[in-house]
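Student: Handing over protein11.cif, mmCIF, C-alpha atoms (C1' of nucleotides).
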data_protein
loop_
_atom_site.label_atom_id
_atom_site.label_comp_id
_atom_site.auth_asym_id
_atom_site.auth_seq_id
_atom_site.Cartn_x
_atom_site.Cartn_y
_atom_site.Cartn_z
CA MET A 1 51.34 -62.51 -8.53
CA ILE A 2 48.42 -64.11 -10.32
CA GLU A 3 46.96 -65.42 -7.06
CA ASN A 4 46.09 -61.84 -6.24
CA GLU A 5 44.35 -61.33 -9.57
CA ILE A 6 42.31 -64.48 -9.07
CA PHE A 7 40.89 -63.43 -5.73
CA ARG A 8 40.37 -59.89 -6.94
CA ALA A 9 38.51 -61.20 -9.97
CA LEU A 10 36.25 -63.39 -7.85
CA ALA A 11 35.59 -60.63 -5.32
CA ASP A 12 33.00 -59.13 -7.66
CA PRO A 13 29.57 -60.84 -7.61
CA THR A 14 28.83 -59.97 -11.25
CA ARG A 15 32.08 -61.60 -12.29
CA ARG A 16 31.32 -64.73 -10.28
CA ALA A 17 27.91 -64.88 -11.97
CA ILE A 18 29.55 -64.65 -15.38
CA PHE A 19 32.01 -67.37 -14.44
CA GLU A 20 29.24 -69.60 -13.17
CA LYS A 21 27.29 -69.12 -16.38
CA LEU A 22 30.37 -70.02 -18.40
CA ALA A 23 30.82 -73.16 -16.34
CA ALA A 24 27.57 -74.44 -17.87
CA GLY A 25 29.29 -74.35 -21.26
CA GLY A 26 31.41 -72.05 -23.40
CA MET A 27 29.66 -69.21 -25.21
CA ASN A 28 30.32 -65.80 -26.77
CA ALA A 29 30.02 -62.47 -25.00
CA SER A 30 26.63 -61.58 -26.48
CA THR A 31 24.99 -64.85 -25.52
CA LEU A 32 26.60 -64.52 -22.11
CA ARG A 33 24.95 -61.16 -21.74
CA GLU A 34 21.43 -62.48 -22.29
CA GLY A 35 19.36 -62.38 -19.14
CA MET A 36 21.98 -60.34 -17.34
CA GLU A 37 21.32 -56.65 -16.89
CA ILE A 38 24.74 -55.49 -17.89
CA SER A 39 26.05 -53.27 -20.69
CA GLN A 40 28.24 -54.59 -23.49
CA PRO A 41 31.38 -52.71 -22.37
CA ALA A 42 30.89 -53.83 -18.77
CA MET A 43 30.74 -57.45 -19.91
CA SER A 44 33.83 -56.97 -22.03
CA GLN A 45 35.71 -55.48 -19.09
CA HIS A 46 34.65 -58.25 -16.73
CA LEU A 47 35.73 -60.91 -19.20
CA SER A 48 39.07 -59.16 -19.55
CA VAL A 49 39.61 -59.31 -15.79
CA LEU A 50 38.59 -62.99 -15.62
CA ARG A 51 40.95 -63.71 -18.50
CA GLY A 52 43.82 -61.89 -16.80
CA ALA A 53 43.27 -64.03 -13.73
CA GLY A 54 43.48 -67.24 -15.71
CA LEU A 55 39.87 -68.11 -14.93
CA VAL A 56 38.66 -67.84 -18.50
CA ARG A 57 40.01 -68.55 -21.99
CA GLU A 58 38.96 -66.84 -25.19
CA GLU A 59 38.93 -68.09 -28.75
CA ARG A 60 38.09 -66.06 -31.85
CA GLN A 61 35.41 -67.62 -34.04
CA GLY A 62 34.67 -65.36 -36.96
CA ARG A 63 33.37 -62.13 -35.60
CA PHE A 64 32.38 -63.82 -32.35
CA VAL A 65 34.70 -64.56 -29.46
CA ASN A 66 33.94 -67.75 -27.63
CA TYR A 67 34.70 -67.79 -23.91
CA GLN A 68 35.14 -70.81 -21.69
CA VAL A 69 36.31 -71.70 -18.20
CA ASP A 70 40.09 -72.03 -17.89
CA PRO A 71 41.00 -74.88 -15.53
CA GLU A 72 44.31 -73.22 -14.65
CA GLY A 73 42.69 -70.58 -12.47
CA LEU A 74 40.66 -73.17 -10.60
CA ALA A 75 43.78 -75.24 -10.08
CA LEU A 76 45.50 -72.27 -8.44
CA ILE A 77 42.62 -71.81 -6.03
CA ALA A 78 42.79 -75.50 -5.18
CA GLN A 79 46.52 -75.09 -4.54
CA TRP A 80 45.89 -72.11 -2.29
CA LEU A 81 43.21 -74.02 -0.41
CA ALA A 82 45.49 -77.03 -0.05
CA LYS A 83 47.95 -74.95 2.00
CA TYR A 84 45.39 -74.81 4.79
CA ARG A 85 44.20 -78.38 4.70
CA ALA A 86 45.20 -78.76 8.35
CA TYR A 87 42.16 -76.65 9.20
CA TRP A 88 39.58 -78.34 7.05
CA PRO A 89 36.53 -79.74 8.80
CA ALA A 90 36.48 -83.38 9.73
CA ARG A 91 34.11 -84.39 6.93
CA MET A 92 36.72 -83.29 4.43
CA GLU A 93 39.44 -85.16 6.24
CA ALA A 94 39.72 -87.69 3.46
CA LEU A 95 40.73 -84.99 1.01
CA LYS A 96 43.95 -84.43 2.87
CA VAL A 97 45.47 -87.65 1.65
CA LEU A 98 44.73 -86.97 -1.98
CA LEU A 99 45.98 -83.41 -1.83
CA LYS A 100 49.19 -84.67 -0.32
CA ASP A 101 49.78 -86.69 -3.47
CA MET A 102 48.91 -83.67 -5.55
CA ASP A 103 51.54 -81.24 -4.29
CA GLN A 104 54.58 -83.44 -4.90
CA MET B 105 25.63 -63.76 1.12
CA ILE B 106 28.75 -64.77 3.00
CA GLU B 107 30.40 -66.19 -0.13
CA ASN B 108 30.79 -62.63 -1.31
CA GLU B 109 32.42 -61.56 1.95
CA ILE B 110 34.86 -64.45 1.75
CA PHE B 111 36.16 -63.55 -1.70
CA ARG B 112 36.20 -59.86 -0.84
CA ALA B 113 38.19 -60.61 2.29
CA LEU B 114 40.74 -62.67 0.38
CA ALA B 115 41.05 -60.12 -2.41
CA ASP B 116 43.40 -58.05 -0.26
CA PRO B 117 47.02 -59.31 -0.13
CA THR B 118 47.60 -57.98 3.39
CA ARG B 119 44.58 -59.92 4.62
CA ARG B 120 45.79 -63.09 2.93
CA ALA B 121 49.16 -62.60 4.61
CA ILE B 122 47.47 -62.26 7.99
CA PHE B 123 45.41 -65.36 7.34
CA GLU B 124 48.48 -67.31 6.28
CA LYS B 125 50.30 -66.25 9.43
CA LEU B 126 47.37 -67.36 11.56
CA ALA B 127 47.37 -70.71 9.81
CA ALA B 128 50.73 -71.39 11.45
CA GLY B 129 48.99 -71.17 14.82
CA GLY B 130 46.55 -68.99 16.73
CA MET B 131 47.87 -65.77 18.22
CA ASN B 132 46.73 -62.36 19.45
CA ALA B 133 46.62 -59.22 17.32
CA SER B 134 49.84 -57.72 18.70
CA THR B 135 51.91 -60.83 18.07
CA LEU B 136 50.32 -61.06 14.67
CA ARG B 137 51.49 -57.55 13.94
CA GLU B 138 55.16 -58.34 14.62
CA GLY B 139 57.23 -58.27 11.45
CA MET B 140 54.37 -56.79 9.48
CA GLU B 141 54.52 -53.10 8.65
CA ILE B 142 50.97 -52.31 9.53
CA SER B 143 49.33 -50.02 12.07
CA GLN B 144 47.33 -51.35 15.00
CA PRO B 145 43.98 -50.04 13.72
CA ALA B 146 44.64 -51.44 10.26
CA MET B 147 45.29 -54.87 11.75
CA SER B 148 42.14 -54.62 13.83
CA GLN B 149 40.08 -53.69 10.76
CA HIS B 150 41.55 -56.51 8.70
CA LEU B 151 40.81 -59.04 11.43
CA SER B 152 37.27 -57.73 11.61
CA VAL B 153 36.78 -58.33 7.88
CA LEU B 154 38.28 -61.82 8.09
CA ARG B 155 36.02 -62.57 11.03
CA GLY B 156 32.95 -61.33 9.17
CA ALA B 157 33.82 -63.67 6.33
CA GLY B 158 34.02 -66.66 8.64
CA LEU B 159 37.72 -67.11 7.93
CA VAL B 160 38.85 -66.31 11.45
CA ARG B 161 37.58 -66.86 15.00
CA GLU B 162 38.34 -64.68 18.01
CA GLU B 163 38.49 -65.55 21.68
CA ARG B 164 39.02 -63.13 24.55
CA GLN B 165 41.86 -64.09 26.87
CA GLY B 166 42.24 -61.49 29.56
CA ARG B 167 43.12 -58.25 27.84
CA PHE B 168 44.37 -60.12 24.80
CA VAL B 169 42.21 -61.45 21.99
CA ASN B 170 43.40 -64.68 20.50
CA TYR B 171 42.70 -65.17 16.81
CA GLN B 172 42.70 -68.43 14.92
CA VAL B 173 41.69 -69.83 11.54
CA ASP B 174 38.00 -70.69 11.28
CA PRO B 175 37.51 -73.87 9.23
CA GLU B 176 34.02 -72.77 8.21
CA GLY B 177 35.27 -70.17 5.77
CA LEU B 178 37.66 -72.63 4.15
CA ALA B 179 34.84 -75.14 3.85
CA LEU B 180 32.74 -72.63 1.94
CA ILE B 181 35.57 -72.02 -0.52
CA ALA B 182 35.90 -75.76 -0.99
CA GLN B 183 32.16 -75.93 -1.65
CA TRP B 184 32.39 -73.15 -4.20
CA LEU B 185 35.32 -74.84 -5.88
CA ALA B 186 33.47 -78.15 -5.93
CA LYS B 187 30.77 -76.64 -8.15
CA TYR B 188 33.31 -76.44 -10.95
CA ARG B 189 34.96 -79.78 -10.50
CA ALA B 190 34.06 -80.66 -14.10
CA TYR B 191 36.78 -78.23 -15.18
CA TRP B 192 39.54 -79.33 -12.87
CA PRO B 193 42.76 -80.49 -14.49
CA ALA B 194 43.29 -84.19 -15.05
CA ARG B 195 45.76 -84.60 -12.20
CA MET B 196 43.05 -83.58 -9.79
CA GLU B 197 40.59 -85.96 -11.34
CA ALA B 198 40.63 -88.20 -8.32
CA LEU B 199 39.28 -85.40 -6.17
CA LYS B 200 36.01 -85.44 -8.05
CA VAL B 201 34.91 -88.69 -6.52
CA LEU B 202 35.50 -87.56 -2.96
CA LEU B 203 33.84 -84.22 -3.48
CA LYS B 204 30.82 -85.96 -4.88
CA ASP B 205 30.34 -87.66 -1.52
CA MET B 206 30.80 -84.35 0.20
CA ASP B 207 28.11 -82.23 -1.44
CA GLN B 208 24.97 -84.27 -0.90
"C1'" DA C 209 41.71 -45.61 41.65
"C1'" DA C 210 45.18 -44.21 38.46
"C1'" DA C 211 48.13 -45.66 35.01
"C1'" DT C 212 49.01 -48.85 31.48
"C1'" DC C 213 48.11 -52.07 28.10
"C1'" DA C 214 45.44 -54.63 24.15
"C1'" DC C 215 42.29 -53.73 21.08
"C1'" DA C 216 38.10 -51.48 18.82
"C1'" DT C 217 35.84 -47.65 16.78
"C1'" DA C 218 35.37 -42.95 14.58
"C1'" DA C 219 36.28 -39.84 11.06
"C1'" DG C 220 38.56 -38.41 7.13
"C1'" DC C 221 41.36 -39.02 2.91
"C1'" DG C 222 43.42 -40.81 -1.58
"C1'" DC C 223 43.00 -44.18 -4.80
"C1'" DG C 224 41.19 -48.19 -7.23
"C1'" DT C 225 37.05 -50.33 -9.05
"C1'" DG C 226 32.92 -50.89 -11.79
"C1'" DC C 227 29.86 -48.46 -14.20
"C1'" DT C 228 28.37 -45.34 -18.03
"C1'" DT C 229 28.46 -43.14 -22.92
"C1'" DA C 230 31.13 -42.64 -26.93
"C1'" DT C 231 34.15 -44.35 -30.20
"C1'" DC C 232 37.31 -47.60 -32.41
"C1'" DT C 233 38.72 -52.30 -34.43
"C1'" DG C 234 37.86 -56.39 -36.79
"C1'" DT C 235 34.73 -59.57 -39.33
"C1'" DT C 236 30.81 -60.75 -42.17
"C1'" DT C 237 27.22 -59.77 -45.57
"C1'" DC C 238 25.10 -57.55 -49.32
"C1'" DG D 239 33.29 -51.36 -50.56
"C1'" DA D 240 29.44 -49.89 -47.60
"C1'" DA D 241 26.55 -51.31 -44.01
"C1'" DA D 242 25.86 -54.13 -40.11
"C1'" DC D 243 27.38 -56.62 -36.39
"C1'" DA D 244 30.57 -58.48 -32.27
"C1'" DG D 245 33.54 -56.90 -29.34
"C1'" DA D 246 37.39 -53.85 -27.36
"C1'" DT D 247 39.04 -49.52 -25.78
"C1'" DA D 248 38.76 -44.56 -24.02
"C1'" DA D 249 37.36 -41.26 -20.82
"C1'" DG D 250 34.85 -39.76 -17.04
"C1'" DC D 251 32.30 -40.41 -12.72
"C1'" DA D 252 30.41 -42.17 -8.16
"C1'" DC D 253 31.35 -45.17 -4.72
"C1'" DG D 254 33.93 -48.43 -1.78
"C1'" DC D 255 38.20 -49.79 0.19
"C1'" DG D 256 42.36 -49.55 2.95
"C1'" DC D 257 44.93 -46.44 5.17
"C1'" DT D 258 45.83 -42.77 8.66
"C1'" DT D 259 45.35 -40.12 13.26
"C1'" DA D 260 42.59 -39.59 17.21
"C1'" DT D 261 39.85 -41.37 20.68
"C1'" DG D 262 37.06 -44.90 23.13
"C1'" DT D 263 36.52 -49.40 25.76
"C1'" DG D 264 37.68 -53.09 28.67
"C1'" DA D 265 41.07 -55.62 31.32
"C1'" DT D 266 45.40 -55.68 34.23
"C1'" DT D 267 48.76 -53.85 37.34
"C1'" DT D 268 50.61 -51.28 41.14
#
Starting from the file, give its structure as C-alpha cells.
Tutor:
Amino acid sequence: MIENEIFRALADPTRRAIFEKLAAGGMNASTLREGMEISQPAMSQHLSVLRGAGLVREERQGRFVNYQVDPEGLALIAQWLAKYRAYWPARMEALKVLLKDMDQ
Amino acid sequence: MIENEIFRALADPTRRAIFEKLAAGGMNASTLREGMEISQPAMSQHLSVLRGAGLVREERQGRFVNYQVDPEGLALIAQWLAKYRAYWPARMEALKVLLKDMDQ
DNA sequence: AAATCACATAAGCGCGTGCTTATCTGTTTC
DNA sequence: GAAACAGATAAGCACGCGCTTATGTGATTT
C-alpha cells in the first residue's frame, strides 16, 4: 500500500523540508543539500524514501541526478483527503462539488 | 508545530483505520474497538495521538467518551496540500482556482 | 459504599527509523 | 586510464514508536 509510504515519508520534518525545497523547482541532490545541515548519505536516503512514496521523480543528467516533485504522490493525498470531505470546514464547502466530479 | 503531529499521526496504518472508522460517525472508544484486534490501552493511546494532532475531538458522555472527526486537522492537511497546487495533475486543475480563494 | 464499567496512565520491551562513517558505483575530465 | 566528482549502498548505533501488562481514575449501578 503506497498510501502508507506517503504518510510515512511525510512524517519526517527533514523530508518535508526537502520536498518543499524541490517544489520551488527541480534540482540535483548536491544543490538540494546547500543550506541544509545534512550529510550526503542522509540526503540520498531521504530522497530514496520520497521516491518510493511517489512524491519525487529522479532523472539522470550526466553524473548528476535531477530530482523533482512527482504529482502522483500529491494526487494520492488529495484522494485520501477527498474521502473525508463531509467533515471539511464550511469555508471549503465549495470544494466538495469539484471533488465529486473528480472521483468518478 | 502541529503539522508535524498530523503527519506523524497519519503515518500509522492502525491510526488511519481508526480515523476512517470515526469518519463514518462519532462513537466511543469501546465501540470503536469492535472488530479491530487491538487492546484497550493501545486504542486509548492512538486516540490520544489523533487528538493531539487535531484530527479527532473527544466529548465526555457519562462514563463513555465520544470521539469524532475534528475538521481542523483535515483543514491543515488541505492547507499543506494547497502549497503544492502548482504540481497537481491536470484533472485537478480546476481545484487551483478555488484554493486560491481559500488561502488569503 | 462496594462493585462494575469505560477509559487513561505507567512502565517496560522489541523493533523500525534516521543518523553516522566508510565504502562502492557510475560519470566526467585531464 | 587515473583522478575527481555525484551519488548510492553498507553497517552500526541511539532513539522513538507501538505494543504489552498492570494499575489508576472517574462515573454508574445496586
Student: B:Pro117, B:Pro145, B:Gly158, B:Gly129: which is nearest B:Tyr171, counting all atoms listed in the file?
Tutor: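 Looking at the shortest contact to B:Tyr171, the residue is B:Gly129.
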Student: Least-squares fit on all C-alpha atoms, paired in order: put chain A onto chain B and return it as a PDB file with C-alpha atoms, keeping the file's coordinate frame.
Tutor:
ATOM      1  CA  MET A   1      25.663 -63.696   1.031  1.00  0.00           C
ATOM      2  CA  ILE A   2      28.749 -64.711   2.965  1.00  0.00           C
ATOM      3  CA  GLU A   3      30.401 -66.139  -0.150  1.00  0.00           C
ATOM      4  CA  ASN A   4      30.804 -62.577  -1.331  1.00  0.00           C
ATOM      5  CA  GLU A   5      32.427 -61.510   1.925  1.00  0.00           C
ATOM      6  CA  ILE A   6      34.867 -64.400   1.740  1.00  0.00           C
ATOM      7  CA  PHE A   7      36.172 -63.514  -1.693  1.00  0.00           C
ATOM      8  CA  ARG A   8      36.212 -59.833  -0.849  1.00  0.00           C
ATOM      9  CA  ALA A   9      38.196 -60.576   2.293  1.00  0.00           C
ATOM     10  CA  LEU A  10      40.745 -62.652   0.398  1.00  0.00           C
ATOM     11  CA  ALA A  11      41.064 -60.098  -2.400  1.00  0.00           C
ATOM     12  CA  ASP A  12      43.411 -58.043  -0.231  1.00  0.00           C
ATOM     13  CA  PRO A  13      47.036 -59.285  -0.118  1.00  0.00           C
ATOM     14  CA  THR A  14      47.618 -57.963   3.413  1.00  0.00           C
ATOM     15  CA  ARG A  15      44.598 -59.893   4.622  1.00  0.00           C
ATOM     16  CA  ARG A  16      45.782 -63.082   2.937  1.00  0.00           C
ATOM     17  CA  ALA A  17      49.165 -62.612   4.623  1.00  0.00           C
ATOM     18  CA  ILE A  18      47.474 -62.258   7.997  1.00  0.00           C
ATOM     19  CA  PHE A  19      45.401 -65.358   7.344  1.00  0.00           C
ATOM     20  CA  GLU A  20      48.452 -67.321   6.298  1.00  0.00           C
ATOM     21  CA  LYS A  21      50.289 -66.269   9.437  1.00  0.00           C
ATOM     22  CA  LEU A  22      47.332 -67.357  11.547  1.00  0.00           C
ATOM     23  CA  ALA A  23      47.319 -70.720   9.817  1.00  0.00           C
ATOM     24  CA  ALA A  24      50.692 -71.402  11.459  1.00  0.00           C
ATOM     25  CA  GLY A  25      48.940 -71.198  14.827  1.00  0.00           C
ATOM     26  CA  GLY A  26      46.516 -68.992  16.730  1.00  0.00           C
ATOM     27  CA  MET A  27      47.860 -65.780  18.238  1.00  0.00           C
ATOM     28  CA  ASN A  28      46.743 -62.346  19.447  1.00  0.00           C
ATOM     29  CA  ALA A  29      46.623 -59.201  17.349  1.00  0.00           C
ATOM     30  CA  SER A  30      49.852 -57.729  18.721  1.00  0.00           C
ATOM     31  CA  THR A  31      51.916 -60.836  18.092  1.00  0.00           C
ATOM     32  CA  LEU A  32      50.312 -61.065  14.670  1.00  0.00           C
ATOM     33  CA  ARG A  33      51.512 -57.572  13.958  1.00  0.00           C
ATOM     34  CA  GLU A  34      55.168 -58.356  14.628  1.00  0.00           C
ATOM     35  CA  GLY A  35      57.240 -58.303  11.478  1.00  0.00           C
ATOM     36  CA  MET A  36      54.394 -56.816   9.488  1.00  0.00           C
ATOM     37  CA  GLU A  37      54.570 -53.136   8.665  1.00  0.00           C
ATOM     38  CA  ILE A  38      51.017 -52.340   9.553  1.00  0.00           C
ATOM     39  CA  SER A  39      49.399 -50.040  12.118  1.00  0.00           C
ATOM     40  CA  GLN A  40      47.372 -51.348  15.044  1.00  0.00           C
ATOM     41  CA  PRO A  41      44.025 -50.018  13.749  1.00  0.00           C
ATOM     42  CA  ALA A  42      44.694 -51.421  10.279  1.00  0.00           C
ATOM     43  CA  MET A  43      45.305 -54.857  11.779  1.00  0.00           C
ATOM     44  CA  SER A  44      42.157 -54.576  13.849  1.00  0.00           C
ATOM     45  CA  GLN A  45      40.129 -53.649  10.779  1.00  0.00           C
ATOM     46  CA  HIS A  46      41.566 -56.479   8.708  1.00  0.00           C
ATOM     47  CA  LEU A  47      40.818 -58.996  11.438  1.00  0.00           C
ATOM     48  CA  SER A  48      37.275 -57.673  11.619  1.00  0.00           C
ATOM     49  CA  VAL A  49      36.798 -58.270   7.895  1.00  0.00           C
ATOM     50  CA  LEU A  50      38.292 -61.783   8.095  1.00  0.00           C
ATOM     51  CA  ARG A  51      36.017 -62.513  11.040  1.00  0.00           C
ATOM     52  CA  GLY A  52      32.951 -61.265   9.173  1.00  0.00           C
ATOM     53  CA  ALA A  53      33.808 -63.613   6.334  1.00  0.00           C
ATOM     54  CA  GLY A  54      34.000 -66.607   8.629  1.00  0.00           C
ATOM     55  CA  LEU A  55      37.701 -67.070   7.930  1.00  0.00           C
ATOM     56  CA  VAL A  56      38.828 -66.285  11.451  1.00  0.00           C
ATOM     57  CA  ARG A  57      37.546 -66.811  14.999  1.00  0.00           C
ATOM     58  CA  GLU A  58      38.331 -64.665  18.006  1.00  0.00           C
ATOM     59  CA  GLU A  59      38.487 -65.535  21.674  1.00  0.00           C
ATOM     60  CA  ARG A  60      39.022 -63.111  24.551  1.00  0.00           C
ATOM     61  CA  GLN A  61      41.860 -64.077  26.879  1.00  0.00           C
ATOM     62  CA  GLY A  62      42.268 -61.457  29.553  1.00  0.00           C
ATOM     63  CA  ARG A  63      43.148 -58.238  27.870  1.00  0.00           C
ATOM     64  CA  PHE A  64      44.384 -60.102  24.804  1.00  0.00           C
ATOM     65  CA  VAL A  65      42.211 -61.427  22.011  1.00  0.00           C
ATOM     66  CA  ASN A  66      43.401 -64.658  20.511  1.00  0.00           C
ATOM     67  CA  TYR A  67      42.691 -65.171  16.816  1.00  0.00           C
ATOM     68  CA  GLN A  68      42.673 -68.431  14.914  1.00  0.00           C
ATOM     69  CA  VAL A  69      41.666 -69.814  11.536  1.00  0.00           C
ATOM     70  CA  ASP A  70      37.965 -70.666  11.272  1.00  0.00           C
ATOM     71  CA  PRO A  71      37.460 -73.834   9.215  1.00  0.00           C
ATOM     72  CA  GLU A  72      33.971 -72.720   8.182  1.00  0.00           C
ATOM     73  CA  GLY A  73      35.254 -70.123   5.741  1.00  0.00           C
ATOM     74  CA  LEU A  74      37.624 -72.599   4.137  1.00  0.00           C
ATOM     75  CA  ALA A  75      34.808 -75.103   3.838  1.00  0.00           C
ATOM     76  CA  LEU A  76      32.731 -72.564   1.911  1.00  0.00           C
ATOM     77  CA  ILE A  77      35.550 -71.975  -0.542  1.00  0.00           C
ATOM     78  CA  ALA A  78      35.874 -75.723  -1.014  1.00  0.00           C
ATOM     79  CA  GLN A  79      32.129 -75.872  -1.681  1.00  0.00           C
ATOM     80  CA  TRP A  80      32.387 -73.077  -4.222  1.00  0.00           C
ATOM     81  CA  LEU A  81      35.313 -74.798  -5.908  1.00  0.00           C
ATOM     82  CA  ALA A  82      33.450 -78.102  -5.954  1.00  0.00           C
ATOM     83  CA  LYS A  83      30.760 -76.580  -8.197  1.00  0.00           C
ATOM     84  CA  TYR A  84      33.309 -76.387 -10.994  1.00  0.00           C
ATOM     85  CA  ARG A  85      34.955 -79.742 -10.547  1.00  0.00           C
ATOM     86  CA  ALA A  86      34.051 -80.616 -14.137  1.00  0.00           C
ATOM     87  CA  TYR A  87      36.797 -78.222 -15.205  1.00  0.00           C
ATOM     88  CA  TRP A  88      39.554 -79.333 -12.903  1.00  0.00           C
ATOM     89  CA  PRO A  89      42.779 -80.490 -14.512  1.00  0.00           C
ATOM     90  CA  ALA A  90      43.314 -84.167 -15.069  1.00  0.00           C
ATOM     91  CA  ARG A  91      45.767 -84.570 -12.188  1.00  0.00           C
ATOM     92  CA  MET A  92      43.010 -83.576  -9.804  1.00  0.00           C
ATOM     93  CA  GLU A  93      40.577 -85.959 -11.408  1.00  0.00           C
ATOM     94  CA  ALA A  94      40.602 -88.211  -8.385  1.00  0.00           C
ATOM     95  CA  LEU A  95      39.222 -85.435  -6.218  1.00  0.00           C
ATOM     96  CA  LYS A  96      35.975 -85.492  -8.115  1.00  0.00           C
ATOM     97  CA  VAL A  97      34.877 -88.744  -6.572  1.00  0.00           C
ATOM     98  CA  LEU A  98      35.485 -87.611  -3.031  1.00  0.00           C
ATOM     99  CA  LEU A  99      33.781 -84.279  -3.537  1.00  0.00           C
ATOM    100  CA  LYS A 100      30.779 -86.095  -4.902  1.00  0.00           C
ATOM    101  CA  ASP A 101      30.426 -87.848  -1.562  1.00  0.00           C
ATOM    102  CA  MET A 102      30.872 -84.546   0.199  1.00  0.00           C
ATOM    103  CA  ASP A 103      27.960 -82.621  -1.292  1.00  0.00           C
ATOM    104  CA  GLN A 104      25.228 -85.129  -0.454  1.00  0.00           C
TER     105      GLN A 104
END
Student: Show me, as number ranges by chain, the residues of chain B whose atoms get within 10 Å of chain D, using only C-alpha atoms (C1' of nucleotides) for the distance check.
Tutor: B: 116, 118, 142-143, 145-146, 149-150, 165-168
Student: So the first atom is atom CA of A:Ala24 and the second is atom C1' of C:DT236; what is the distance between them in Å, to one decimal place?
Tutor: 28.1 Å
Student: Wanna dump the chain C-chain B contacts at 12 Å for me, each residue with its shortest atom pair and the distance in Å to one decimal, counting only C-alpha atoms (C1' of nucleotides), ordered by chain and number, as JSON lines?
Tutor:
{"residue": "C:DT212", "atom": "C1'", "partner": "B:Arg167", "partner_atom": "CA", "distance": 11.7}
{"residue": "C:DC213", "atom": "C1'", "partner": "B:Arg167", "partner_atom": "CA", "distance": 7.9}
{"residue": "C:DA214", "atom": "C1'", "partner": "B:Phe168", "partner_atom": "CA", "distance": 5.6}
{"residue": "C:DC215", "atom": "C1'", "partner": "B:Ser148", "partner_atom": "CA", "distance": 7.3}
{"residue": "C:DA216", "atom": "C1'", "partner": "B:Ser148", "partner_atom": "CA", "distance": 7.1}
{"residue": "C:DT217", "atom": "C1'", "partner": "B:Pro145", "partner_atom": "CA", "distance": 9.0}
{"residue": "C:DA218", "atom": "C1'", "partner": "B:Pro145", "partner_atom": "CA", "distance": 11.2}
Student: Please compute the atom CA of A:Glu20-atom CA of B:Leu185 distance, one decimal, in Å.
Tutor: 10.8 Å
Student: Distance cut-off 9 Å, centre (38.3, -52.1, -9.0) in file coordinates, counting only C-alpha atoms (C1' of nucleotides): which residues qualify? Return them as a PyMOL selection string.
Tutor: (chain A and resi 8+12) or (chain C and resi 224-226)
Student: Enumerate, as a PDB file with C-alpha atoms, in the coordinates of the input, the residues matched when the PyMOL selection byres ((chain B) within 6 of (chain A)) is run on the file above.
Tutor:
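Saved to out_4.pdb:
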ATOM      1  CA  PHE B 111      36.160 -63.550  -1.700  1.00  0.00           C
ATOM      2  CA  ARG B 112      36.200 -59.860  -0.840  1.00  0.00           C
ATOM      3  CA  ALA B 115      41.050 -60.120  -2.410  1.00  0.00           C
ATOM      4  CA  PRO B 175      37.510 -73.870   9.230  1.00  0.00           C
ATOM      5  CA  TYR B 191      36.780 -78.230 -15.180  1.00  0.00           C
ATOM      6  CA  TRP B 192      39.540 -79.330 -12.870  1.00  0.00           C
ATOM      7  CA  PRO B 193      42.760 -80.490 -14.490  1.00  0.00           C
TER       8      PRO B 193
END
Student: Measure the distance from atom CA of B:Met131 to atom CA of A:Gln79 in Å and round it to one decimal.
Tutor: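 For atom CA of B:Met131 relative to atom CA of A:Gln79, the distance reads 24.6 Å.
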Student: Could you check the closest approach to B:Ala121 for each of B:Ile106, B:Leu136, B:Leu180, B:Ala157 and tell me which residue wins, using only C-alpha atoms?
Tutor: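 Smallest distance to B:Ala121 is found for B:Leu136.
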Student: Around stretch 223-237 of chain C, with edges along x, y and z and 4 Å added on all six sides, what centre and edge lengths do you get, in Å to one decimal, as AutoDock Vina command-line options?
Tutor:
--center_x 35.1 --center_y -51.7 --center_z -25.2 --size_x 23.8 --size_y 26.1 --size_z 48.8
